[in-house]
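The next block holds one structure in the form of structure tokens; read it before the comments.
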Amino acid sequence: MPVTLVVGAQWGDEGKGRIVDFLAMGASAVARYGGGANAGHTVQVGEKTYKLRLVPSGIVAGVEACIIGPGTVISPSIVLGELDALAGAGVDVSRVWISDLAHLILPYHVALDRAWEQARGGASIGTTGNGIGPAYMDRVARVGIRAGDLADSRRWQQAVRDRCAAIRAHGVDVDANAIVAELEAQCPRLMPHVRDTIGLVHEFLRAGKRVLAEGAQGTMLDVGLGTYPYVTSSVTIAGGGESGLGYGPSHVEHVVGVTKSYATRVGNGPFPSELHDAAGTALQKRGREFGVVTGRARRCGWLDLAALRYAVAVNGITHLAMTKLDVLDEFDEVGVCSRYAGGDPAASLPFAIEAGAKPVMTMLRGWRAATSAARSWNDLPREAQAFIAHVEAETATPVSYISVGPERSQIIVRPGAPLAQAAMAR
Ligand code: IMP
């Protein structure tokens with residue numbers, strides 16, 4: 001069972017990138033299973049900071065293959081720009097493989113995304129404006145264009161023209177000639193990276209080599225199980241790894257759920273533990289909570305244990321990774337939402353939230369001490385240990401990794417943490 005899967009346990013932006021970067025040092029391949037350039041991962045190694053949107057975070061750790069899987073939607077211009085930037089920073093990008101089954105995001109998807117958001121007015125979702133929803137819509141409507149389709153230029157050009165004509169008929173202005181010309185120019189650089197990645201993943205699995213499946217966004221943004229319609233358009237939960245990469249559930253050994261020590265949400269939609277007071281502002285400032293992709297300020301709140309228990313359940317999370325513990329260092333008290341009150345107790349979590357369930361908060365003692373230099377559990381203040389122990393007890397899941405700063409070295413690893421020995425040995 002050589003798959004270790006990393007999934008966002010909140011509303012995205014949990015810091016999956018740096019956990020993947022760390023675990024990738026104990027893996028042979030890293031494979032991203034969903035989403036597109038709406039995701040933004042920051043990986044900091046020494047003096048260098050890498051900002052990634054499509055290329056899996058494992059690229060920096062130097063794995064044998066970095067796979068952008070069949071469940072993703074890719075924008076040729078963004079992926080090529082990212083490959084150029086990585087190559088410019090001295091990273092070997094010849095190991096980046098794009099699935100031939102991944103769907104393309106073309107300029108008309110971006111135009112549609114923006115037009116629909118505008119039409120929604122006050123009820124807008126607050127999308128990242130990257131064309132994600134329209135690209136997934138084309139996929140399920142069976143009018144999408146896959147990366148592998150680019151091998152047949154007559155066919156894809158006709159498909160682009162047909163799609164543009166249909167979109168123009170709906171009043172959105174798109175220029176088929178310009179899109180065809182741009183994509184044609186991009187093909188020679190894109191195609192060497194396009195291949196069957198399902199076979200590649202299974203080569204690693206057959207050899208008993210470790211594959212790290214990398215999720216994008218978070219559980220509460222899942223198109224089916226999240227706070228619909230304020231969600232992204234892909235399957236973000238652990239199950240998305242199977243359809244998004246092409247392995248079966250029996251291949252998965254560990255599911256690492258990444259959560260911040262507090263909660264954030266970007267874009268619109270319900271967020272029960274959101275803070276509108278000085279504590280919320282302090283979290284935003286100390287946590288530098290501004291989007292990697294959009295630059296938007298993230299909404300901040302205390303850690304929502306009700307939502308985290310839901311994430312543990314629907315993903316089958318076996319281990320938690322808690323990021324940004326140090327952001328809580330200066331609080332006298334640290335809150336958690338223990339449960340929701342009101343509404344229908346039998347309702348599924350998304351409907352309970354939609355019905356306005358109120359968070360019941362528990363305040364724990366803060367530690368008012370710097371944790372960023374801690375390198376082991378014993379280095380953490382007693383109150384910080386108590387906070388983590390509370391999360392473990394409330395979710396019945398071990399917190400196996402704790403990050404106390406942006407550097408690779410600032411991850412505390414606890415006994416039994418998957419891949420940690422191999423990662424640290426590298
Ligand atoms: P879309 O994925 O661009 O369609 O945006 C849909 C919703 O998901 C919006 O609320 C976005 O802010 C949110 N979203 C998409 N990607 C991310 C991410 O990587 N982190 C956090 N929120 C995201």
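All residue names refer to the structure tokens as shown: chains lettered A, B, ... in order, residues numbered from 1 in each chain, ligands numbered from 1 in order.
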*Please provide as a list in words all residues within 8 Å of region 218-226 of chain A, with the sequence filter that same-chain residues fewer than 3 positions apart are discarded (counting only C-alpha atoms).*
Val7, Gly8, Ala9, Gln10, Trp11, Gly12, Asp13, Glu14, Gly215, Pro229, Tyr230, Val231, Thr232, Ser233, Ser234, Val235, Thr236, Ile237, Ala307, Ala311 and Pro350 of chain A
*What lies within 10 Å of Gly248 (chain A) using only C-alpha atoms, ignoring chain neighbours under 3 positions off, as a list in words?*
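With the cut-off at 10 Å, the set is Met1, Val3, Gly239, Gly241, Glu242, Ser243, Leu245, His251 and Val252 of chain A.
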Writer output for current selection, all heavy atoms, as a CSV table (one decimal), in the first residue's frame:
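Written out: selection31.csv:
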chain,number,residue,atom,x,y,z
A,1,MET,N,0.8,-1.2,0.0
A,1,MET,CA,0.0,0.0,0.0
A,1,MET,C,0.9,1.2,0.0
A,1,MET,O,1.0,1.9,1.0
A,1,MET,CB,-0.9,0.0,1.3
A,1,MET,CG,-1.8,-1.2,1.3
A,1,MET,SD,-3.1,-0.9,2.5
A,1,MET,CE,-2.1,-0.9,4.1
A,3,VAL,N,0.7,4.3,-1.2
A,3,VAL,CA,0.3,5.7,-1.4
A,3,VAL,C,0.1,6.3,0.0
A,3,VAL,O,-0.6,5.8,0.9
A,3,VAL,CB,-1.1,5.8,-2.2
A,3,VAL,CG1,-1.6,7.2,-2.2
A,3,VAL,CG2,-0.9,5.2,-3.6
A,239,GLY,N,-11.0,10.8,-1.5
A,239,GLY,CA,-11.5,9.9,-2.5
A,239,GLY,C,-11.2,10.4,-3.9
A,239,GLY,O,-11.1,9.7,-4.9
A,241,GLY,N,-8.4,11.3,-4.9
A,241,GLY,CA,-7.1,10.7,-5.3
A,241,GLY,C,-7.3,9.5,-6.2
A,241,GLY,O,-6.5,9.3,-7.1
A,242,GLU,N,-8.4,8.8,-5.9
A,242,GLU,CA,-8.6,7.6,-6.7
A,242,GLU,C,-9.0,7.9,-8.2
A,242,GLU,O,-8.4,7.5,-9.1
A,242,GLU,CB,-9.6,6.7,-6.1
A,242,GLU,CG,-9.1,6.0,-4.8
A,242,GLU,CD,-10.1,5.7,-3.8
A,242,GLU,OE1,-11.3,5.5,-4.2
A,242,GLU,OE2,-9.8,5.7,-2.6
A,243,SER,N,-10.0,8.8,-8.3
A,243,SER,CA,-10.5,9.1,-9.6
A,243,SER,C,-9.5,10.1,-10.2
A,243,SER,O,-9.5,10.2,-11.5
A,243,SER,CB,-11.9,9.7,-9.6
A,243,SER,OG,-11.9,10.8,-8.7
A,245,LEU,N,-6.2,10.2,-9.9
A,245,LEU,CA,-4.9,9.7,-10.3
A,245,LEU,C,-5.0,8.3,-10.9
A,245,LEU,O,-4.1,7.9,-11.7
A,245,LEU,CB,-3.9,9.7,-9.1
A,245,LEU,CG,-3.5,11.0,-8.6
A,245,LEU,CD1,-2.7,10.9,-7.3
A,245,LEU,CD2,-2.6,11.7,-9.7
A,251,HIS,N,-4.6,0.8,-2.3
A,251,HIS,CA,-3.3,1.3,-2.4
A,251,HIS,C,-2.9,2.3,-1.3
A,251,HIS,O,-1.7,2.6,-1.1
A,251,HIS,CB,-3.0,2.0,-3.8
A,251,HIS,CG,-2.9,1.0,-4.9
A,251,HIS,ND1,-3.8,0.8,-5.9
A,251,HIS,CD2,-1.9,0.0,-5.1
A,251,HIS,CE1,-3.4,-0.1,-6.7
A,251,HIS,NE2,-2.3,-0.6,-6.3
A,252,VAL,N,-3.9,2.8,-0.7
A,252,VAL,CA,-3.6,4.0,0.3
A,252,VAL,C,-3.3,3.5,1.7
A,252,VAL,O,-4.1,2.7,2.3
A,252,VAL,CB,-4.8,4.9,0.3
A,252,VAL,CG1,-4.6,6.1,1.3
A,252,VAL,CG2,-5.2,5.5,-1.1
Write out, as CSV, each residue of chain A that has an atom at most 8 Å from ligand 1, together with the closest pair of atoms and their distance in Å to one decimal, counting only C-alpha atoms and all ligand atoms, rows going by chain and rising number.
residue,atom,partner,partner_atom_place_in_ligand_line,distance
A:Trp11,CA,ligand 1,21 (C),5.9
A:Gly12,CA,ligand 1,21 (C),4.0
A:Asp13,CA,ligand 1,20 (N),4.7
A:Gly35,CA,ligand 1,2 (O),7.2
A:Gly36,CA,ligand 1,2 (O),7.9
A:Ala37,CA,ligand 1,16 (N),7.9
A:Asn38,CA,ligand 1,16 (N),4.4
A:Ala39,CA,ligand 1,19 (O),3.3
A:Gly40,CA,ligand 1,19 (O),5.4
A:His41,CA,ligand 1,19 (O),7.9
A:Asp113,CA,ligand 1,4 (O),7.7
A:Ile125,CA,ligand 1,10 (O),5.5
A:Gly126,CA,ligand 1,10 (O),4.9
A:Thr127,CA,ligand 1,5 (O),3.3
A:Thr128,CA,ligand 1,3 (O),3.6
A:Gly129,CA,ligand 1,3 (O),5.3
A:Asn130,CA,ligand 1,3 (O),5.6
A:Gly131,CA,ligand 1,3 (O),6.7
A:Ile132,CA,ligand 1,4 (O),5.0
A:Gly133,CA,ligand 1,4 (O),5.0
A:Ala216,CA,ligand 1,19 (O),6.3
A:Gln217,CA,ligand 1,19 (O),4.4
A:Gly218,CA,ligand 1,20 (N),7.2
A:Leu221,CA,ligand 1,8 (O),6.0
A:Tyr230,CA,ligand 1,10 (O),5.8
A:Val231,CA,ligand 1,7 (C),4.7
A:Thr232,CA,ligand 1,6 (C),3.8
A:Ser233,CA,ligand 1,4 (O),6.0
A:Ser234,CA,ligand 1,2 (O),7.9
A:Arg265,CA,ligand 1,21 (C),6.5
A:Val266,CA,ligand 1,12 (O),4.6
A:Gly267,CA,ligand 1,10 (O),3.7
A:Asn268,CA,ligand 1,10 (O),5.4
A:Gly269,CA,ligand 1,10 (O),7.1
A:Gly291,CA,ligand 1,20 (N),7.5
A:Val293,CA,ligand 1,19 (O),7.8
Can I get the selection written as a PDB file, in the first residue's frame, with C-alpha atoms?
ATOM      1  CA  TRP A  11     -11.222  25.502   3.696  1.00  0.00           C
ATOM      2  CA  GLY A  12      -7.918  25.314   1.791  1.00  0.00           C
ATOM      3  CA  ASP A  13      -4.667  27.181   2.466  1.00  0.00           C
ATOM      4  CA  GLY A  35      -7.954  21.450  -8.959  1.00  0.00           C
ATOM      5  CA  GLY A  36      -5.962  23.820 -11.084  1.00  0.00           C
ATOM      6  CA  ALA A  37      -4.161  27.106 -10.776  1.00  0.00           C
ATOM      7  CA  ASN A  38      -6.691  28.187  -8.140  1.00  0.00           C
ATOM      8  CA  ALA A  39      -4.367  26.543  -5.621  1.00  0.00           C
ATOM      9  CA  GLY A  40      -1.292  28.313  -4.359  1.00  0.00           C
ATOM     10  CA  HIS A  41       1.472  26.572  -2.480  1.00  0.00           C
ATOM     11  CA  ASP A 113     -15.857  32.330 -14.818  1.00  0.00           C
ATOM     12  CA  ILE A 125     -18.941  32.671  -4.846  1.00  0.00           C
ATOM     13  CA  GLY A 126     -15.744  34.678  -4.797  1.00  0.00           C
ATOM     14  CA  THR A 127     -13.945  32.332  -7.184  1.00  0.00           C
ATOM     15  CA  THR A 128     -10.271  32.813  -7.933  1.00  0.00           C
ATOM     16  CA  GLY A 129     -11.252  33.795 -11.491  1.00  0.00           C
ATOM     17  CA  ASN A 130      -9.087  31.081 -13.050  1.00  0.00           C
ATOM     18  CA  GLY A 131     -11.814  29.359 -15.062  1.00  0.00           C
ATOM     19  CA  ILE A 132     -11.934  26.308 -12.791  1.00  0.00           C
ATOM     20  CA  GLY A 133     -15.729  25.864 -12.658  1.00  0.00           C
ATOM     21  CA  ALA A 216      -5.595  20.828  -3.520  1.00  0.00           C
ATOM     22  CA  GLN A 217      -7.959  23.152  -1.656  1.00  0.00           C
ATOM     23  CA  GLY A 218      -9.683  21.640   1.390  1.00  0.00           C
ATOM     24  CA  LEU A 221     -14.476  23.275  -0.473  1.00  0.00           C
ATOM     25  CA  TYR A 230     -19.539  28.091  -1.923  1.00  0.00           C
ATOM     26  CA  VAL A 231     -17.055  25.454  -3.000  1.00  0.00           C
ATOM     27  CA  THR A 232     -14.609  24.798  -5.785  1.00  0.00           C
ATOM     28  CA  SER A 233     -15.596  22.507  -8.666  1.00  0.00           C
ATOM     29  CA  SER A 234     -13.369  19.513  -8.006  1.00  0.00           C
ATOM     30  CA  ARG A 265     -11.451  30.938   4.549  1.00  0.00           C
ATOM     31  CA  VAL A 266     -11.011  32.948   1.366  1.00  0.00           C
ATOM     32  CA  GLY A 267     -13.977  33.823  -0.801  1.00  0.00           C
ATOM     33  CA  ASN A 268     -17.592  33.838   0.237  1.00  0.00           C
ATOM     34  CA  GLY A 269     -19.709  31.297   2.097  1.00  0.00           C
ATOM     35  CA  GLY A 291      -3.869  34.576  -0.752  1.00  0.00           C
ATOM     36  CA  VAL A 293      -2.977  33.371  -6.000  1.00  0.00           C
TER      37      VAL A 293
END
*Every residue of region 34-262 of chain A that DSSP places in alpha helix (DSSP H), as an MDAnalysis selection string*: chainID A and resid 76:88 107:120 132:140 153:169 176:190 197:206 240:245
*asked:* When you look at Ala278 (chain A) with a cut-off of 12 Å (counting only C-alpha atoms), what residues show up, excluding the ones that are within fewer than 4 positions of it in the same chain? I need them as an NGL selection string.
replied: :A and (274 or 282-286 or 300-301 or 331)
*DSSP says strand (DSSP E or B) for which residues of region 59-300 of chain A? Put them as a ChimeraX atom specification?*
/A:65-68,72-74,96-99,103-104,146,194-195,211-214,252-260,262-265,274,290,297,299-300
